[in-house]
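Colleague: Attaching a single structure in C-alpha cells format; questions to follow.
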Amino acid sequence: MDTNSSNFIIHKIEDDINSNKYSEEEIITRFPPEPNGFLHIGHVKAALLNYNIAKRYGGDFHLRFDDTNPSKEEQQYIDSIIDDLKWLGLEFDEPYFGSNYFDQMIDYARELINKGLAYVDDQTGEEIKQNRGDLFSPGKDSPYRNRSIEENLDLFNRMVDGEFQPGEKVLRAKIDMASPNMNLRDPVIFRILNGKNEHLNKEYHVFPMYDYAHPLEDAIEGVTHSLCTLEFEDHRPIYDWVLNNIDDFKEKPPVQIEFARLELTDSIVGKRYIKQLVDEGIVDGWDDPRLVTISGLRRRGYTPEALQDFSEEIGISKSNSKVDYKMLEHFVRNDLKNKAKRLNVVLNPIKVVITNYPDDQVEELEIETNMDNPEMGKHKIPFSKNLYIEASDFMEEPVKKYFRLFPGNEVRLRGAYFVKCTDVIKDEDGNIVEIHCTYDPETKSGSGFNKRKVKSTIHWVSEESAVPIKVNLYDNLISDETFDSNNFIENINPESKVTVTAYAEPEILNTLPNEKIQFIRNGYFNADPKLFNKDNLEFNRIVELKSGWRPPKKDKK
RNA sequence: AGGGGUAUAGCCAAGCGGUAAGGCACCAGAUUUUGAUUCUGGCAUCCCGUAGGUUCGAAUCCUGCUACCCCUGCCA
C-alpha cells in the first residue's frame, strides 16, 4: 500500500502491536480539523497519513471535528471538509464531533476536582498571564489555588449552570506553576463562554480548552494513536496528564505522536494566511484555483490521485522542511498524461496561409486523441488554407538550435502535412501579419511518407473552424523568497492570474465540465466546473508541460 | 531555572552497528508526427551539521559544540 512504510510512526505502532498492547484491528486513528476554514494541501498529508495507517492494519479512521471554540466555527466549513475528504478518496462513517462529549468532559472535570487536581480560579486573564511567569522564571501560585474541594465543586457547578460571566472564572488543572514547560503551569481547562453549541443545538456556559478536550475526545473514541504536528510536542505531557488522572482511561491511554507539518515553496500554506487572502478579497474565495486548498486545487484541475501520490512521496518525518512545488506539479503531470485529451489549442495565434492549398477546400483529418493511450481513440480535425499557429512556433530570424518554423524551413503540422515557410507578410509598421507556406500533399499524416524528415511538429487550428475559448493561466501567488508572514500580502504576484482568448480545434466542444485536456505543448488544462458553459468555454491551466527548449530572453542591452 | 525538538545531495526522504534506498530537480544520450512522454546513463568516490570518543567496524552508540524550529491564548 504505502511505500514509505518504514517510518518512525509505523515503528511505534508496530511495537504496540508486537507487544500485544493492541491487535491490528484495534488500531484507531483520527483526523481532527477545527471547522474554522477549508482544508489545504497540508491537511491532505495529515488526513492521508491517519487514514492510510488505519487502512494498513484494518483498523478504524475517524473524521472528528474539534469544535471546542464556538466563536470560530461554521457549518459551511464542516460541509466543505467532508466534501473535500470524500473527493480525496477517503471513506469514513458519520463524522464525530468533539462537542458531543461536552457533558462527559464536565463530569471528568468534577473527577479531577474531587481528586484535588483542578481548581476554580477567580483571577482575571491579565492576572493569570502575569502570574504564569516567563520562559526563564517560574510562575506564582494563584491565590485561589488551594480552595477546598467542596468550594471548587460548588463554584464549577455554578459555572456550568451559567451563574458567571465570561472571564470571571476559569477551571484550571493543578499541576506545577514552576514547570519549565509553560503548558504545565496550571493550564486552563474550562472557560466560560455563553455560547450555543450549534451542532448539539444546546446551550453551554463552559467550553473546554484544547489541551483538556483533545485527549478526552481521543480516549472516548478509542483512538489508539493520536498523530499531530510538531508544535504540540510540548503539549504531550498535558495530554498524558489528563488521561492518567481519569480513571476510565488511565489503563490504556492513546499516545500522541508528532510529525512535521507540510510547507511548500512558492505557495501560501496555512489556514491563517489563506483565510486572510479570502477575507480581504485578494482571491476569489476558498476555492480560488491559485490557492493550495483542496477545493482550489480541485477547481484548478488537480486529481485526487495526484495529491495522494504526492503525499506518499514526500514522506513523514520530524524535521521542518519545505517541499519544492515542482514535486506537486510532477505528480499531476504524471497522473494526467494518459488521461487527458490532447487537443490543438493556440494560445497566442499568428496566421498562416497555405498558398498552394485550394481556397475553399476543407479536409476532415483524423487525429489520435492521446498518442500514448490508443484507447482514447481518434477524433476529426478540419484542415484548410488559412490556419493559426502559436506565435512562439515561428521565428523570422531563428536563433541557433531553433527547429520550428522560420523562412525556408519545413515542419510538420501535427496530424496534417509538412509545410515550408516561403514568405513573411508585414504591415507598414513592420509587424508580421501572416506567414505564407506551401504544403506537400505527399506528406499527409499516416501516409507513411519517409523520404525526408523534419525536426519539429507544431500544432495548429484552422481559422474557419477555430473555437474561441477563455483560458486562465495561473502562476504562483507568491515566490518563496517573498513570503513574510507579516506582510506577505504586499508580495502577491499581480499576474498570478492572466486570462487570454485562445483558439481551439472543434473537438473542444465535446468537453465536459471538469474534464482534463492537454493543450498541445501548452500544458494541462481543466474545464472549470464553476464557470463552465457551452457557449463560453473557460479553462484553468493546471500545470505547464516541461519544455526542453525555451525561447531566448528578449535582447538584453 | 528555561524547556521541547530537528540536522543525510539543490529540495523531500530511507537508513535503527556491517560499509549511503527511492522520488523531485538537474545533466548526457537513444526513440519520438507534442523539443512532451518513454528508455538508458550520470548525479553524497574516506561520505551523513561539527569536534572528539567507544568498536575489528559508526550516518547509526557516547560526550562536547554549532545551527535552525516550537513554547509565556480564557485559540487549535
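Each chain in the C-alpha cells gets a letter, A, B, ..., in the order shown, and its residues are numbered from 1; ligands are numbered from 1 in order too.
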Residues at most 7 Å from stretch 68-76 of chain B, counting only C-alpha atoms (C1' of nucleotides), excluding those fewer than 5 positions away in the same chain, as a compact mmCIF listing (two decimals) with N, CA, C and O atoms, in the first residue's frame?

Modeller:
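Output file out.txt is given in full below:
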```txt
# COMPACT_ATOMS: atom_id res chain seq x y z
N GLU A 34 -10.31 21.60 13.04
CA GLU A 34 -11.25 22.54 13.63
C GLU A 34 -12.02 23.13 12.45
O GLU A 34 -11.40 23.55 11.47
N GLY A 125 -7.87 37.41 33.38
CA GLY A 125 -6.97 36.88 32.35
C GLY A 125 -5.60 37.52 32.47
O GLY A 125 -4.56 36.87 32.34
N ARG A 132 1.90 33.67 35.36
CA ARG A 132 2.42 32.47 34.72
C ARG A 132 3.94 32.49 34.66
O ARG A 132 4.58 31.48 34.41
N GLY A 133 4.53 33.66 34.90
CA GLY A 133 5.98 33.76 34.79
C GLY A 133 6.37 33.81 33.33
O GLY A 133 5.53 34.07 32.47
N ASP A 134 7.64 33.58 33.05
CA ASP A 134 8.03 33.55 31.65
C ASP A 134 8.99 32.39 31.41
O ASP A 134 9.19 31.55 32.29
N LEU A 135 9.58 32.38 30.22
CA LEU A 135 10.42 31.27 29.83
C LEU A 135 11.55 30.99 30.82
O LEU A 135 12.02 29.87 30.95
N GLY A 167 -14.97 35.25 31.58
CA GLY A 167 -13.82 35.95 32.11
C GLY A 167 -13.79 36.01 33.62
O GLY A 167 -12.75 36.28 34.22
N VAL A 170 -12.29 30.62 35.73
CA VAL A 170 -11.92 29.51 34.86
C VAL A 170 -11.63 28.31 35.73
O VAL A 170 -11.36 28.45 36.94
N MET A 182 5.76 25.52 29.90
CA MET A 182 4.71 26.50 30.19
C MET A 182 3.31 25.87 30.19
O MET A 182 2.41 26.35 30.86
N VAL A 188 -5.49 26.32 31.90
CA VAL A 188 -6.94 26.48 31.97
C VAL A 188 -7.56 25.30 31.22
O VAL A 188 -7.11 24.96 30.12
N ARG A 191 -13.27 27.34 30.16
CA ARG A 191 -13.52 28.77 30.29
C ARG A 191 -15.00 29.00 30.10
O ARG A 191 -15.72 28.17 29.51
N TYR A 210 -8.53 23.14 24.31
CA TYR A 210 -7.94 22.07 23.50
C TYR A 210 -7.16 21.04 24.33
O TYR A 210 -7.33 19.84 24.15
N GLU A 231 4.25 21.24 16.67
CA GLU A 231 4.09 22.28 17.69
C GLU A 231 3.35 21.78 18.93
O GLU A 231 3.30 22.46 19.95
N ASP A 234 5.20 19.93 22.97
CA ASP A 234 5.21 20.45 24.34
C ASP A 234 3.90 20.20 25.06
O ASP A 234 3.81 20.40 26.27
N ASN A 320 11.66 19.96 10.16
CA ASN A 320 10.95 21.02 9.46
C ASN A 320 11.51 21.09 8.06
O ASN A 320 12.71 21.22 7.88
```

Colleague: Step one, run DSSP on the backbone; step two, keep only residues of stretch 228-432 of chain A assigned to helix (DSSP H, G or I); then write them as a PyMOL selection string.

Modeller: chain A and resi 230-244+271-279+294-300+304-314+325-336+374-376+391-393

Colleague: Chain B near chain A within 6 Å: what's each residue's closest atom pair and its distance in Å to one decimal, counting only C-alpha atoms (C1' of nucleotides), ordered by chain then ascending residue number, as CSV?

Modeller:
```
residue,atom,partner,partner_atom,distance
B:G2,C1',A:Phe136,CA,4.6
B:G3,C1',A:Pro180,CA,5.0
B:G4,C1',A:Asp234,CA,5.7
B:U6,C1',A:Ser319,CA,5.0
B:C11,C1',A:Asp324,CA,5.5
B:C12,C1',A:Ile314,CA,5.5
B:C24,C1',A:Met327,CA,5.0
B:U33,C1',A:Arg414,CA,5.8
B:U34,C1',A:Arg521,CA,5.6
B:G35,C1',A:Gly548,CA,4.9
B:C70,C1',A:Glu231,CA,5.4
B:U72,C1',A:Asp134,CA,4.8
B:C74,C1',A:Arg191,CA,5.3
```

Colleague: For the structure I just gave you, how does DSSP split stretch 1-56 of chain A - specifically, which residues are strand (DSSP E)? Reply as a list of chain:residue names.

Modeller: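 Those in stretch 1-56 of chain A that DSSP calls strand (DSSP E) are A:Ile28, A:Thr29, A:Arg30, A:Phe31.
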
Colleague: I want to know what sits within 10 Å of A:Ile81, based on only C-alpha atoms (C1' of nucleotides), with residues of the same chain fewer than 3 positions away left out; could you give that as a list in words?

Modeller: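 Within the cut-off, the hits are Pro33, Glu34, Pro35, Asn36, Gly37, Phe38, Leu39, His40, Leu63, Phe65, Gln75, Gln76, Tyr77, Ile78, Asp84, Leu85, Lys86, Trp87, Ile294 and Ser295 of chain A.
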
Colleague: Between A:Gly377, A:Val353, A:Cys421, A:Lys401, single out the one closest to A:Glu434, counting only C-alpha atoms.

Modeller: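 Ranking A:Gly377, A:Val353, A:Cys421, A:Lys401 by distance to A:Glu434, first place goes to A:Val353.
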
Colleague: Could you pull the residues within 6 Å of stretch 36-53 of chain B, counting only C-alpha atoms (C1' of nucleotides), minus those fewer than 3 positions along the same chain, as a list of chain:residue names?

Modeller: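 My reading of the contact set: B:A7, B:U8, B:A9, B:A59.
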
Colleague: Only C-alpha atoms (C1' of nucleotides), please: the residues just picked out, written as a compact mmCIF listing (two decimals), in the first residue's frame.

Modeller:
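Output saved as selection35.txt:
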```txt
# COMPACT_ATOMS: atom_id res chain seq x y z
C1' A B 7 20.19 18.25 11.46
C1' U B 8 21.71 12.59 5.44
C1' A B 9 22.80 15.85 -2.05
C1' A B 59 25.11 8.13 9.49
```

Colleague: For the atom pair atom CA of A:Pro506 and atom CA of A:Ile381, what is the interatomic distance in Å to one decimal place?

Modeller: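 Separation between atom CA of A:Pro506 and atom CA of A:Ile381: 7.0 Å.
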